[in-house]
Structure formats: structure tokens, C-alpha cells
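Participant: Got a file for you: protein_4.cif, mmCIF, C-alpha atoms.
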```cif
data_my_file
loop_
_atom_site.label_atom_id
_atom_site.label_comp_id
_atom_site.auth_asym_id
_atom_site.auth_seq_id
_atom_site.Cartn_x
_atom_site.Cartn_y
_atom_site.Cartn_z
CA MET E 254 24.76 -11.03 -20.13
CA ALA E 255 26.23 -14.52 -20.11
CA ASP E 256 29.60 -13.09 -19.06
CA GLN E 257 28.02 -11.37 -16.06
CA GLU E 258 26.21 -14.55 -15.02
CA GLN E 259 29.44 -16.54 -15.28
CA ARG E 260 31.26 -13.88 -13.27
CA ALA E 261 28.56 -14.05 -10.59
CA LEU E 262 28.87 -17.83 -10.31
CA GLU E 263 32.65 -17.51 -9.91
CA LEU E 264 32.20 -14.93 -7.15
CA ILE E 265 29.77 -17.21 -5.30
CA ALA E 266 32.20 -20.13 -5.57
CA GLU E 267 34.93 -17.90 -4.14
CA ALA E 268 32.62 -16.78 -1.30
CA GLU E 269 31.76 -20.38 -0.41
CA LYS E 270 35.45 -21.31 -0.42
CA LYS E 271 36.24 -18.48 2.01
CA LEU E 272 33.41 -19.54 4.33
CA LYS E 273 34.65 -23.15 4.39
CA SER E 274 38.15 -22.04 5.28
CA ALA E 275 36.75 -19.78 8.01
CA LYS E 276 35.00 -22.76 9.63
CA GLY E 277 38.17 -24.80 9.95
CA PHE E 278 40.17 -24.91 13.22
CA PHE E 279 42.95 -22.67 11.95
CA GLY E 280 40.50 -20.44 10.13
CA SER E 281 38.63 -19.75 13.36
CA LEU E 282 41.92 -18.92 15.08
CA PHE E 283 43.27 -16.73 12.32
CA GLY E 284 40.85 -14.29 10.76
CA GLY E 285 37.57 -16.19 10.61
CA GLY E 286 35.67 -12.93 10.98
CA SER E 287 37.55 -11.20 8.18
CA LYS E 288 36.82 -14.14 5.88
CA GLN E 289 33.12 -13.72 6.64
CA GLU E 290 33.41 -10.05 5.70
CA GLU E 291 35.19 -10.96 2.48
CA ALA E 292 32.57 -13.62 1.67
CA CYS E 293 29.78 -11.13 2.32
CA GLU E 294 31.35 -8.65 -0.07
CA LEU E 295 31.70 -11.38 -2.70
CA TYR E 296 28.00 -12.29 -2.39
CA ILE E 297 27.06 -8.61 -2.88
CA ARG E 298 29.27 -8.40 -5.97
CA ALA E 299 27.74 -11.64 -7.26
CA ALA E 300 24.23 -10.30 -6.66
CA ASN E 301 25.00 -7.15 -8.64
CA ALA E 302 26.45 -9.22 -11.48
CA PHE E 303 23.29 -11.35 -11.52
CA LYS E 304 21.25 -8.13 -11.65
CA MET E 305 23.21 -7.00 -14.71
CA ALA E 306 22.49 -10.38 -16.30
CA LYS E 307 18.79 -9.99 -15.34
CA LYS E 308 18.94 -13.21 -13.31
CA TRP E 309 16.66 -11.84 -10.60
CA ALA E 310 16.08 -15.00 -8.55
CA GLN E 311 19.81 -15.69 -8.30
CA ALA E 312 20.46 -12.04 -7.42
CA GLY E 313 17.86 -12.29 -4.66
CA GLN E 314 19.47 -15.44 -3.29
CA ALA E 315 22.94 -13.87 -3.30
CA PHE E 316 21.69 -10.79 -1.42
CA GLU E 317 20.01 -13.13 1.10
CA GLU E 318 23.33 -14.87 1.74
CA ALA E 319 24.97 -11.46 2.25
CA SER E 320 22.23 -10.58 4.72
CA LYS E 321 22.70 -13.76 6.75
CA LEU E 322 26.44 -13.13 6.98
CA SER E 323 25.90 -9.50 8.01
CA LEU E 324 23.60 -10.63 10.82
CA GLN E 325 26.12 -13.25 11.95
CA MET E 326 28.70 -10.48 12.17
CA GLY E 327 26.32 -8.41 14.30
CA SER E 328 25.33 -5.82 11.71
CA LYS E 329 21.53 -5.61 11.84
CA HIS E 330 21.36 -2.53 9.62
CA GLU E 331 23.40 -4.17 6.85
CA GLY E 332 21.40 -7.39 7.23
CA ALA E 333 18.09 -5.57 6.82
CA THR E 334 19.42 -3.53 3.88
CA HIS E 335 20.47 -6.67 1.99
CA TYR E 336 17.10 -8.33 2.69
CA VAL E 337 15.40 -5.31 1.09
CA GLU E 338 17.74 -5.55 -1.92
CA SER E 339 16.95 -9.26 -2.11
CA ALA E 340 13.20 -8.58 -1.99
CA ASN E 341 13.44 -6.00 -4.77
CA CYS E 342 15.15 -8.60 -6.96
CA TYR E 343 12.63 -11.33 -6.15
CA ARG E 344 9.85 -8.89 -6.96
CA LYS E 345 10.85 -9.07 -10.64
CA GLY E 346 9.56 -12.64 -10.90
CA ASP E 347 8.60 -14.22 -7.57
CA PRO E 348 6.27 -11.94 -5.56
CA ASN E 349 5.80 -14.51 -2.77
CA ALA E 350 9.56 -14.73 -2.20
CA ALA E 351 9.68 -10.92 -2.23
CA VAL E 352 7.03 -10.76 0.52
CA THR E 353 8.90 -13.30 2.65
CA THR E 354 12.16 -11.37 2.35
CA PHE E 355 10.57 -7.96 2.96
CA LEU E 356 9.05 -9.38 6.16
CA LYS E 357 12.51 -10.49 7.33
CA ALA E 358 13.76 -6.93 6.83
CA ILE E 359 10.69 -5.49 8.59
CA GLU E 360 11.29 -7.74 11.60
CA ILE E 361 14.83 -6.40 11.95
CA TYR E 362 13.79 -2.77 11.52
CA THR E 363 11.01 -3.03 14.12
CA ASP E 364 13.43 -4.73 16.51
CA MET E 365 15.76 -1.75 16.02
CA GLY E 366 12.90 0.72 16.60
CA ARG E 367 13.08 1.94 13.00
CA PHE E 368 9.29 2.11 12.59
CA THR E 369 9.20 4.66 9.76
CA ILE E 370 11.32 2.51 7.47
CA ALA E 371 9.39 -0.61 8.59
CA ALA E 372 6.18 1.18 7.57
CA LYS E 373 7.67 1.96 4.16
CA HIS E 374 8.36 -1.73 3.55
CA HIS E 375 4.91 -2.74 4.83
CA ILE E 376 3.62 -0.54 1.99
CA SER E 377 5.84 -2.44 -0.46
CA VAL E 378 4.35 -5.73 0.79
CA ALA E 379 0.83 -4.26 0.54
CA GLU E 380 1.49 -3.19 -3.06
CA ILE E 381 2.68 -6.69 -3.96
CA TYR E 382 -0.48 -8.22 -2.49
CA GLU E 383 -2.55 -5.56 -4.26
CA THR E 384 -1.08 -5.70 -7.76
CA GLU E 385 0.85 -8.96 -8.13
CA ILE E 386 -0.72 -11.58 -5.85
CA ALA E 387 -4.26 -10.09 -5.86
CA ASP E 388 -4.97 -10.75 -2.19
CA ILE E 389 -6.80 -7.57 -1.15
CA GLU E 390 -7.38 -8.64 2.47
CA LYS E 391 -3.64 -9.09 3.05
CA ALA E 392 -2.93 -5.82 1.27
CA VAL E 393 -5.32 -4.11 3.70
CA GLN E 394 -3.56 -5.69 6.70
CA HIS E 395 -0.19 -4.29 5.61
CA TYR E 396 -1.53 -0.82 4.76
CA GLU E 397 -3.12 -0.75 8.23
CA GLN E 398 0.13 -1.83 9.88
CA ALA E 399 2.03 0.85 7.98
CA ALA E 400 -0.54 3.45 9.08
CA ASP E 401 -0.13 2.36 12.73
CA TYR E 402 3.65 2.72 12.56
CA TYR E 403 3.42 6.14 10.86
CA LYS E 404 0.95 7.36 13.48
CA GLY E 405 3.30 6.21 16.24
CA GLU E 406 6.05 8.29 14.65
CA GLU E 407 3.72 11.33 14.26
CA SER E 408 3.84 11.01 10.45
CA ASN E 409 0.12 11.68 10.13
CA SER E 410 0.16 12.59 6.44
CA SER E 411 1.81 9.27 5.54
CA ALA E 412 -0.57 7.43 7.87
CA ASN E 413 -3.57 9.04 6.15
CA LYS E 414 -2.34 7.95 2.71
CA CYS E 415 -2.28 4.35 3.92
CA LEU E 416 -5.68 4.68 5.59
CA LEU E 417 -7.21 6.03 2.38
CA LYS E 418 -6.05 2.89 0.58
CA VAL E 419 -7.72 0.82 3.33
CA ALA E 420 -10.93 2.85 2.93
CA GLN E 421 -10.98 2.31 -0.83
CA PHE E 422 -10.46 -1.43 -0.49
CA SER E 423 -13.07 -1.61 2.28
CA ALA E 424 -15.64 0.10 0.05
CA THR E 425 -14.71 -2.17 -2.86
CA LEU E 426 -15.34 -5.18 -0.60
CA GLU E 427 -18.65 -3.57 0.49
CA ASN E 428 -17.48 -2.88 4.03
CA TYR E 429 -18.94 0.61 3.78
CA GLU E 430 -19.06 1.28 7.53
CA LYS E 431 -15.30 0.90 7.83
CA ALA E 432 -14.74 3.05 4.73
CA VAL E 433 -16.98 5.83 6.11
CA GLU E 434 -15.19 5.76 9.46
CA ILE E 435 -11.81 6.20 7.79
CA TYR E 436 -12.95 8.91 5.33
CA GLU E 437 -14.50 10.90 8.18
CA GLN E 438 -11.39 10.47 10.34
CA VAL E 439 -9.06 11.64 7.54
CA ALA E 440 -11.37 14.53 6.59
CA THR E 441 -11.45 15.74 10.19
CA SER E 442 -7.65 15.61 10.46
CA CYS E 443 -7.36 17.57 7.20
CA MET E 444 -9.70 20.26 8.50
CA ASP E 445 -7.22 20.96 11.30
CA ASN E 446 -4.35 21.47 8.83
CA SER E 447 -4.30 24.70 6.82
CA LEU E 448 -2.33 23.05 3.99
CA LEU E 449 -4.66 20.03 3.72
CA LYS E 450 -7.96 21.74 4.57
CA TYR E 451 -9.17 21.91 0.98
CA SER E 452 -8.89 18.13 0.50
CA ALA E 453 -11.41 17.50 3.32
CA LYS E 454 -14.29 17.97 0.88
CA ASP E 455 -13.05 15.07 -1.24
CA HIS E 456 -12.99 12.76 1.78
CA PHE E 457 -16.49 13.84 2.83
CA PHE E 458 -17.61 13.24 -0.77
CA ARG E 459 -16.29 9.68 -0.68
CA ALA E 460 -17.90 9.06 2.71
CA SER E 461 -21.20 10.33 1.30
CA ILE E 462 -21.05 7.90 -1.63
CA CYS E 463 -20.35 5.03 0.77
CA HIS E 464 -23.41 6.08 2.78
CA LEU E 465 -25.45 6.08 -0.44
CA CYS E 466 -24.40 2.48 -1.05
CA MET E 467 -25.96 1.57 2.31
CA ASP E 468 -29.15 3.65 2.44
CA THR E 469 -30.38 7.06 1.38
CA VAL E 470 -31.84 8.13 4.73
CA ASN E 471 -28.49 7.92 6.52
CA ALA E 472 -26.79 9.40 3.46
CA GLN E 473 -28.93 12.54 3.76
CA VAL E 474 -28.19 12.79 7.49
CA ALA E 475 -24.45 12.37 6.78
CA VAL E 476 -24.42 15.06 4.08
CA ASP E 477 -26.16 17.51 6.43
CA LYS E 478 -23.60 16.69 9.12
CA TYR E 479 -20.65 17.20 6.73
CA GLU E 480 -22.02 20.59 5.60
CA LYS E 481 -22.19 21.74 9.21
CA MET E 482 -18.73 20.40 10.00
CA PHE E 483 -17.15 21.88 6.87
CA PRO E 484 -19.20 24.70 5.26
CA ALA E 485 -16.94 24.73 2.19
CA PHE E 486 -18.34 21.29 1.35
CA SER E 487 -21.80 22.84 0.76
CA ASP E 488 -20.59 24.93 -2.16
CA SER E 489 -18.61 22.16 -3.84
CA ARG E 490 -19.61 20.38 -7.03
CA GLU E 491 -19.19 17.12 -5.13
CA CYS E 492 -21.82 18.03 -2.56
CA LYS E 493 -24.22 19.19 -5.28
CA LEU E 494 -23.72 15.88 -7.09
CA ILE E 495 -24.57 13.90 -3.94
CA LYS E 496 -27.71 15.99 -3.37
CA ASN E 497 -28.82 15.53 -6.99
CA VAL E 498 -28.17 11.79 -6.77
CA LEU E 499 -30.20 11.63 -3.55
CA LYS E 500 -33.06 13.46 -5.27
CA ALA E 501 -32.98 11.04 -8.22
CA VAL E 502 -33.02 8.05 -5.88
CA GLU E 503 -35.91 9.49 -3.85
CA GLU E 504 -37.87 10.09 -7.05
CA GLU E 505 -36.97 6.59 -8.26
CA SER E 506 -35.75 8.05 -11.54
CA VAL E 507 -32.92 6.06 -13.12
CA ASP E 508 -32.92 8.46 -16.10
CA GLN E 509 -32.43 11.42 -13.77
CA PHE E 510 -29.67 9.54 -11.93
CA THR E 511 -27.87 8.87 -15.24
CA GLU E 512 -28.26 12.48 -16.39
CA VAL E 513 -26.84 13.82 -13.11
CA LEU E 514 -23.69 11.70 -13.45
CA LYS E 515 -23.36 12.55 -17.15
CA GLU E 516 -23.53 16.26 -16.38
CA TYR E 517 -20.89 15.98 -13.62
CA ASP E 518 -18.62 13.91 -15.88
CA SER E 519 -18.84 16.49 -18.67
CA ILE E 520 -16.83 18.94 -16.52
CA SER E 521 -14.53 16.61 -14.58
CA ARG E 522 -14.63 12.85 -14.79
CA LEU E 523 -15.24 10.75 -11.72
CA GLU E 524 -12.49 8.28 -11.00
CA PRO E 525 -13.41 4.66 -11.88
CA PHE E 526 -13.60 3.59 -8.21
CA LEU E 527 -16.28 6.18 -7.40
CA THR E 528 -18.15 5.44 -10.64
CA THR E 529 -18.26 1.76 -9.62
CA LEU E 530 -19.79 2.67 -6.25
CA LEU E 531 -22.39 4.94 -7.83
CA LEU E 532 -23.31 2.23 -10.35
CA ARG E 533 -23.99 -0.05 -7.36
CA VAL E 534 -26.46 2.57 -6.11
CA LYS E 535 -28.07 2.69 -9.55
CA LYS E 536 -28.31 -1.12 -9.67
CA LYS E 537 -29.99 -1.08 -6.26
CA MET E 538 -32.56 1.36 -7.64
CA ASN E 539 -33.39 -1.06 -10.46
CA GLU E 540 -33.60 -4.06 -8.13
CA GLU E 541 -35.44 -2.53 -5.17
CA PRO E 542 -37.13 0.71 -6.20
CA GLU E 543 -39.65 0.40 -3.38
CA LEU E 544 -36.82 0.73 -0.80
CA CYS E 545 -35.66 4.01 -2.24
#
```
Could you write out this structure as C-alpha cells?
Facilitator:
Amino acid sequence: MADQEQRALELIAEAEKKLKSAKGFFGSLFGGGSKQEEACELYIRAANAFKMAKKWAQAGQAFEEASKLSLQMGSKHEGATHYVESANCYRKGDPNAAVTTFLKAIEIYTDMGRFTIAAKHHISVAEIYETEIADIEKAVQHYEQAADYYKGEESNSSANKCLLKVAQFSATLENYEKAVEIYEQVATSCMDNSLLKYSAKDHFFRASICHLCMDTVNAQVAVDKYEKMFPAFSDSRECKLIKNVLKAVEEESVDQFTEVLKEYDSISRLEPFLTTLLLRVKKKMNEEPELC
């Protein structure tokens, strides 16, 4: 490990020496550009040596230097590629630096019209905000931007995956209207696709739970609407669960509510996110039974 780190430092010193000679009067006359290319290659080799030594911050910095040189030499693609490599290194220990570097790559890719790859890196930024920095609002912004880019490139399946993340976060933050809008939009698009048609019931199920978190009257109206839009939803266990939950809420029976969920869970467990939403409905029953 120490040998690799020492080797990396030597390569960086060599790269800096080449760049200094390239800046001189004679260097600019005789092969300044080739010295930049050589320095760039040395920074890449140094970055890889730092990676082998698990010196992630130094590896990120070396890839950044390689990126800057690539851009100076007019290679946007190489510059963006090295920024991504830099960001992946920074991600091992400095998520904020990783975000900054990913955004530099994204700017280049969007300038080049490479929106699909820009969307992919917006997802990387969103994941960092989601899991490492814990800033859900910024995560949502980047998932939404990725979805916009995917839609523009007619990659609707990829766009929907991003939108479903936005819907989940929106529901978690109690922005149920936005979550419902997205779940309905994705469900409708799935209905038009023979390969994805079956998954529409799951999106209608999630929309129904979000409606329940707001009020039971609109939840009943929504369920009726979804059954008409997608008859297969009527026969699903998910739809039956929603109807049984609605009945328990109307009868103001917390015990019945609990039993309904227990019965559903005995066959296939609800994911934690949906359980959390349903527990909010149950809490509302305890706090304001007269509104139910």
C-alpha cells in the first residue's frame, strides 16, 4: 500500500514537472501540447496508484487534474469521464466533494447533448443525498431532473423509476398530493405497455394508501376510479386490503384495522414504507376518531 502511495506521489511530481516545462517559452514552441498529454496520462496513473493504496481523496484529486488537462486540450468526453472517476473516488469518504465533481461532469454531458448519461449521474447525486448526506429534498430534485432527461430521450421506463423514488419521498414528507399524482401517472403509462401492465395495480395500491393518509372519503372515490380504469385491480389482494382498511376506519375499529394488516402480512409482508403510511392512518384514527 505504502509503495503504491509513494509511486503515485512520484508520478504527480513528474506530471507537474512536465507542465512547468510546457509553460516555458521553448516548451510552448516545441511540444507543449504533447507535454500536456503526457502529464494527463501521469495524473491518471497516479490516481490509479492512489486507488490501489486506498487513498481515495488523493485519487479523486489526481483524476480532477487529469480532467482539467483533458478539457484544456479540447477533449470534453475525456474531461467528463475523469470527473466521474474522480467523483467515484471522493464518494468513498467525502460525499460533498463527490456531488461537486459529479455536477461538473453533468454540466459537460448536458452541453454535449448526452442527456441519458447526464441523467444517470443525476441519479448518482440523488443517491448520495439520499443515503450519505441525508438531504431528501435535494435527492428529490436530482431524481426529478434525471426523470426529465430520460423522458426527453424517450426512456420512459427509466424516467418512471426515478419518478417512483420522488413519489415515495413525497409521501414520506407528507406531500401526498404529489405522490398520488405520480403514482397515477406511472400506473396509467404501465397500463399502455403489455410488459408492464401487471405492475399498474401496485402503483394504484400506493396511490390509494396516500389517499387514505389524507381522508377516507376521497380514498373511496379514488379506489372506485382505479377499479374502473384497471379492472384487474379489483381482484387483487391489494385492492381488497384497501377496502378492508376503509371499512375498519369507517367503523372506527382500531382492532379491526390491526387484524386486517396482520392477515395481509401473513401471506406477503408489506414493505416498511407502506407499513409506515398505514400506521399514520391508524394513528389518525386514535387521535381523531370523530373525523373517520
Participant: What do you get, as number ranges by chain, if you spell out every residue that the PyMOL selection byres ((chain E and resi 385) around 10) selects here?
Facilitator: E: 344, 346-349, 379-384, 386-388
Participant: List, as a PDB file with C-alpha atoms, in the frame of the given file, every residue that the PyMOL selection byres ((chain E and resi 473) around 12) selects in the file provided.
Facilitator:
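Okay, selection21.pdb is ready:
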```
ATOM      1  CA  ALA E 460     -17.900   9.060   2.710  1.00  0.00           C
ATOM      2  CA  SER E 461     -21.200  10.330   1.300  1.00  0.00           C
ATOM      3  CA  ILE E 462     -21.050   7.900  -1.630  1.00  0.00           C
ATOM      4  CA  CYS E 463     -20.350   5.030   0.770  1.00  0.00           C
ATOM      5  CA  HIS E 464     -23.410   6.080   2.780  1.00  0.00           C
ATOM      6  CA  LEU E 465     -25.450   6.080  -0.440  1.00  0.00           C
ATOM      7  CA  MET E 467     -25.960   1.570   2.310  1.00  0.00           C
ATOM      8  CA  ASP E 468     -29.150   3.650   2.440  1.00  0.00           C
ATOM      9  CA  THR E 469     -30.380   7.060   1.380  1.00  0.00           C
ATOM     10  CA  VAL E 470     -31.840   8.130   4.730  1.00  0.00           C
ATOM     11  CA  ASN E 471     -28.490   7.920   6.520  1.00  0.00           C
ATOM     12  CA  ALA E 472     -26.790   9.400   3.460  1.00  0.00           C
ATOM     13  CA  VAL E 474     -28.190  12.790   7.490  1.00  0.00           C
ATOM     14  CA  ALA E 475     -24.450  12.370   6.780  1.00  0.00           C
ATOM     15  CA  VAL E 476     -24.420  15.060   4.080  1.00  0.00           C
ATOM     16  CA  ASP E 477     -26.160  17.510   6.430  1.00  0.00           C
ATOM     17  CA  LYS E 478     -23.600  16.690   9.120  1.00  0.00           C
ATOM     18  CA  TYR E 479     -20.650  17.200   6.730  1.00  0.00           C
ATOM     19  CA  GLU E 480     -22.020  20.590   5.600  1.00  0.00           C
ATOM     20  CA  CYS E 492     -21.820  18.030  -2.560  1.00  0.00           C
ATOM     21  CA  ILE E 495     -24.570  13.900  -3.940  1.00  0.00           C
ATOM     22  CA  LYS E 496     -27.710  15.990  -3.370  1.00  0.00           C
ATOM     23  CA  ASN E 497     -28.820  15.530  -6.990  1.00  0.00           C
ATOM     24  CA  VAL E 498     -28.170  11.790  -6.770  1.00  0.00           C
ATOM     25  CA  LEU E 499     -30.200  11.630  -3.550  1.00  0.00           C
ATOM     26  CA  LYS E 500     -33.060  13.460  -5.270  1.00  0.00           C
ATOM     27  CA  VAL E 502     -33.020   8.050  -5.880  1.00  0.00           C
ATOM     28  CA  GLU E 503     -35.910   9.490  -3.850  1.00  0.00           C
TER      29      GLU E 503
END
```
Participant: Given the PyMOL selection byres ((chain E and resi 354-356) around 12) and the file above, list the residues it selects as an MDAnalysis selection string.
Facilitator: chainID E and resid 313:314 316:318 320:321 332:344 347:353 357:363 370:381 395
Participant: Using CA of Lys273 in chain E and CA of Glu331 in chain E as the two end points, give the distance in Å to one decimal.
Facilitator: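 Taking CA of Lys273 in chain E and CA of Glu331 in chain E, their separation equals 22.2 Å.
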Participant: Check the smallest atom-to-atom distance from each of E:Ile435, E:Ala400, E:Val513, E:Ala310 to Leu494 in chain E using only C-alpha atoms, then report the winner.
Facilitator: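 Once distances to Leu494 in chain E are computed over only C-alpha atoms, the minimum belongs to E:Val513.
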Participant: Considering all atoms listed in the file, state which residue in the set E:Ala440, E:Val393, E:Ala255, E:Val534 is at the smallest distance from Ala420 in chain E.
Facilitator: E:Val393
Participant: Ranking E:His330, E:Leu449, E:Ala292, E:Arg533 by minimum distance to Arg367 in chain E and counting only C-alpha atoms, which one comes first?
Facilitator: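 When distances to Arg367 in chain E are compared using only C-alpha atoms, the smallest one comes from E:His330.
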Participant: What box, with edges along x, y and z, holds each listed atom of range 364-376 of chain E when 6 Å is added on every side, and can you state its centre and edge lengths in Å to one decimal, as AutoDock Vina command-line options?
Facilitator:
```
--center_x 9.7 --center_y 0.0 --center_z 9.3 --size_x 24.1 --size_y 21.4 --size_z 26.6
```
Participant: State, in Å with one decimal place, the distance from CA of Asp455 in chain E to CA of Glu491 in chain E.
Facilitator: 7.6 Å
Participant: Could you tell me how far CA of Lys536 in chain E lies from CA of Glu504 in chain E, in Å and to one decimal?
Facilitator: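 If I compute the distance from CA of Lys536 in chain E to CA of Glu504 in chain E, I get 15.0 Å.
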Participant: Would you kindly return, as a ChimeraX atom specification, each protein, DNA or RNA residue with an atom no farther than 12 Å from any atom of Met326 in chain E, considering all atoms listed in the file and excluding same-chain residues fewer than 6 positions away?
Facilitator: /E:285-293,319-320,332
Participant: What's the 8 Å shell around range 525-531 of chain E, counting all atoms listed in the file, without same-chain residues fewer than 4 positions away, as an MDAnalysis selection string?
Facilitator: chainID E and resid 421 424:425 459 462:463 466 535
Participant: Measuring atom to atom with only C-alpha atoms, identify which of E:Arg490, E:Lys481, E:Lys270, E:Arg298 is nearest to Ser521 in chain E.
Facilitator: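 Smallest separation from Ser521 in chain E among the options: E:Arg490.
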Participant: Which one of E:Lys418, E:Lys404, E:Lys307, E:Lys450 sits closest to Phe368 in chain E if you count only C-alpha atoms?
Facilitator: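 Nearest to Phe368 in chain E: E:Lys404.
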Participant: Would you mind telling me which residue in E:Glu407, E:Ser274, E:Leu262, E:Ser452 lies nearest to Ile297 in chain E when using all atoms listed in the file?
Facilitator: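 With all atoms listed in the file as the atom set, the closest residue is E:Leu262.
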Participant: Output requested as an mmCIF file, keeping the file's coordinate frame - range 331-350 of chain E, filled out with N, CA, C and O atoms.
Facilitator:
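Writing the result to selection-v3.cif gives the following:
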```cif
data_model
loop_
_atom_site.group_PDB
_atom_site.id
_atom_site.type_symbol
_atom_site.label_atom_id
_atom_site.label_comp_id
_atom_site.auth_asym_id
_atom_site.auth_seq_id
_atom_site.Cartn_x
_atom_site.Cartn_y
_atom_site.Cartn_z
ATOM 1 N N GLU E 331 22.963 -3.611 8.134
ATOM 2 C CA GLU E 331 23.400 -4.170 6.850
ATOM 3 C C GLU E 331 22.547 -5.385 6.469
ATOM 4 O O GLU E 331 22.176 -5.563 5.315
ATOM 5 N N GLY E 332 22.230 -6.209 7.486
ATOM 6 C CA GLY E 332 21.400 -7.390 7.230
ATOM 7 C C GLY E 332 20.047 -7.006 6.674
ATOM 8 O O GLY E 332 19.568 -7.586 5.692
ATOM 9 N N ALA E 333 19.410 -6.014 7.282
ATOM 10 C CA ALA E 333 18.090 -5.570 6.820
ATOM 11 C C ALA E 333 18.177 -4.958 5.424
ATOM 12 O O ALA E 333 17.331 -5.212 4.562
ATOM 13 N N THR E 334 19.235 -4.166 5.188
ATOM 14 C CA THR E 334 19.420 -3.530 3.880
ATOM 15 C C THR E 334 19.518 -4.564 2.769
ATOM 16 O O THR E 334 18.899 -4.432 1.709
ATOM 17 N N HIS E 335 20.295 -5.631 3.025
ATOM 18 C CA HIS E 335 20.470 -6.670 1.990
ATOM 19 C C HIS E 335 19.186 -7.480 1.795
ATOM 20 O O HIS E 335 18.894 -7.925 0.682
ATOM 21 N N TYR E 336 18.392 -7.649 2.857
ATOM 22 C CA TYR E 336 17.100 -8.330 2.690
ATOM 23 C C TYR E 336 16.184 -7.500 1.782
ATOM 24 O O TYR E 336 15.460 -8.057 0.948
ATOM 25 N N VAL E 337 16.213 -6.179 1.949
ATOM 26 C CA VAL E 337 15.400 -5.310 1.090
ATOM 27 C C VAL E 337 15.875 -5.415 -0.364
ATOM 28 O O VAL E 337 15.061 -5.511 -1.295
ATOM 29 N N GLU E 338 17.194 -5.409 -0.558
ATOM 30 C CA GLU E 338 17.740 -5.550 -1.920
ATOM 31 C C GLU E 338 17.332 -6.887 -2.517
ATOM 32 O O GLU E 338 16.984 -6.984 -3.706
ATOM 33 N N SER E 339 17.368 -7.925 -1.680
ATOM 34 C CA SER E 339 16.950 -9.260 -2.110
ATOM 35 C C SER E 339 15.483 -9.246 -2.535
ATOM 36 O O SER E 339 15.111 -9.754 -3.596
ATOM 37 N N ALA E 340 14.636 -8.638 -1.701
ATOM 38 C CA ALA E 340 13.200 -8.580 -1.990
ATOM 39 C C ALA E 340 12.919 -7.845 -3.294
ATOM 40 O O ALA E 340 12.067 -8.269 -4.084
ATOM 41 N N ASN E 341 13.646 -6.761 -3.529
ATOM 42 C CA ASN E 341 13.440 -6.000 -4.770
ATOM 43 C C ASN E 341 13.814 -6.816 -5.997
ATOM 44 O O ASN E 341 13.221 -6.645 -7.068
ATOM 45 N N CYS E 342 14.795 -7.698 -5.847
ATOM 46 C CA CYS E 342 15.150 -8.600 -6.960
ATOM 47 C C CYS E 342 14.081 -9.663 -7.152
ATOM 48 O O CYS E 342 13.628 -9.904 -8.279
ATOM 49 N N TYR E 343 13.670 -10.302 -6.060
ATOM 50 C CA TYR E 343 12.630 -11.330 -6.150
ATOM 51 C C TYR E 343 11.346 -10.770 -6.752
ATOM 52 O O TYR E 343 10.605 -11.478 -7.449
ATOM 53 N N ARG E 344 11.099 -9.517 -6.490
ATOM 54 C CA ARG E 344 9.850 -8.890 -6.960
ATOM 55 C C ARG E 344 9.731 -8.909 -8.479
ATOM 56 O O ARG E 344 8.642 -8.804 -9.031
ATOM 57 N N LYS E 345 10.867 -9.037 -9.173
ATOM 58 C CA LYS E 345 10.850 -9.070 -10.640
ATOM 59 C C LYS E 345 10.207 -10.350 -11.181
ATOM 60 O O LYS E 345 9.836 -10.392 -12.352
ATOM 61 N N GLY E 346 10.125 -11.398 -10.354
ATOM 62 C CA GLY E 346 9.560 -12.640 -10.900
ATOM 63 C C GLY E 346 8.912 -13.563 -9.893
ATOM 64 O O GLY E 346 8.202 -14.491 -10.281
ATOM 65 N N ASP E 347 9.154 -13.331 -8.601
ATOM 66 C CA ASP E 347 8.600 -14.220 -7.570
ATOM 67 C C ASP E 347 8.050 -13.374 -6.425
ATOM 68 O O ASP E 347 8.721 -13.168 -5.409
ATOM 69 N N PRO E 348 6.814 -12.857 -6.578
ATOM 70 C CA PRO E 348 6.270 -11.940 -5.560
ATOM 71 C C PRO E 348 6.172 -12.557 -4.172
ATOM 72 O O PRO E 348 6.355 -11.865 -3.169
ATOM 73 N N ASN E 349 5.896 -13.871 -4.080
ATOM 74 C CA ASN E 349 5.800 -14.510 -2.770
ATOM 75 C C ASN E 349 7.143 -14.505 -2.048
ATOM 76 O O ASN E 349 7.218 -14.257 -0.841
ATOM 77 N N ALA E 350 8.217 -14.783 -2.791
ATOM 78 C CA ALA E 350 9.560 -14.730 -2.200
ATOM 79 C C ALA E 350 9.889 -13.298 -1.780
ATOM 80 O O ALA E 350 10.530 -13.075 -0.746
#
```
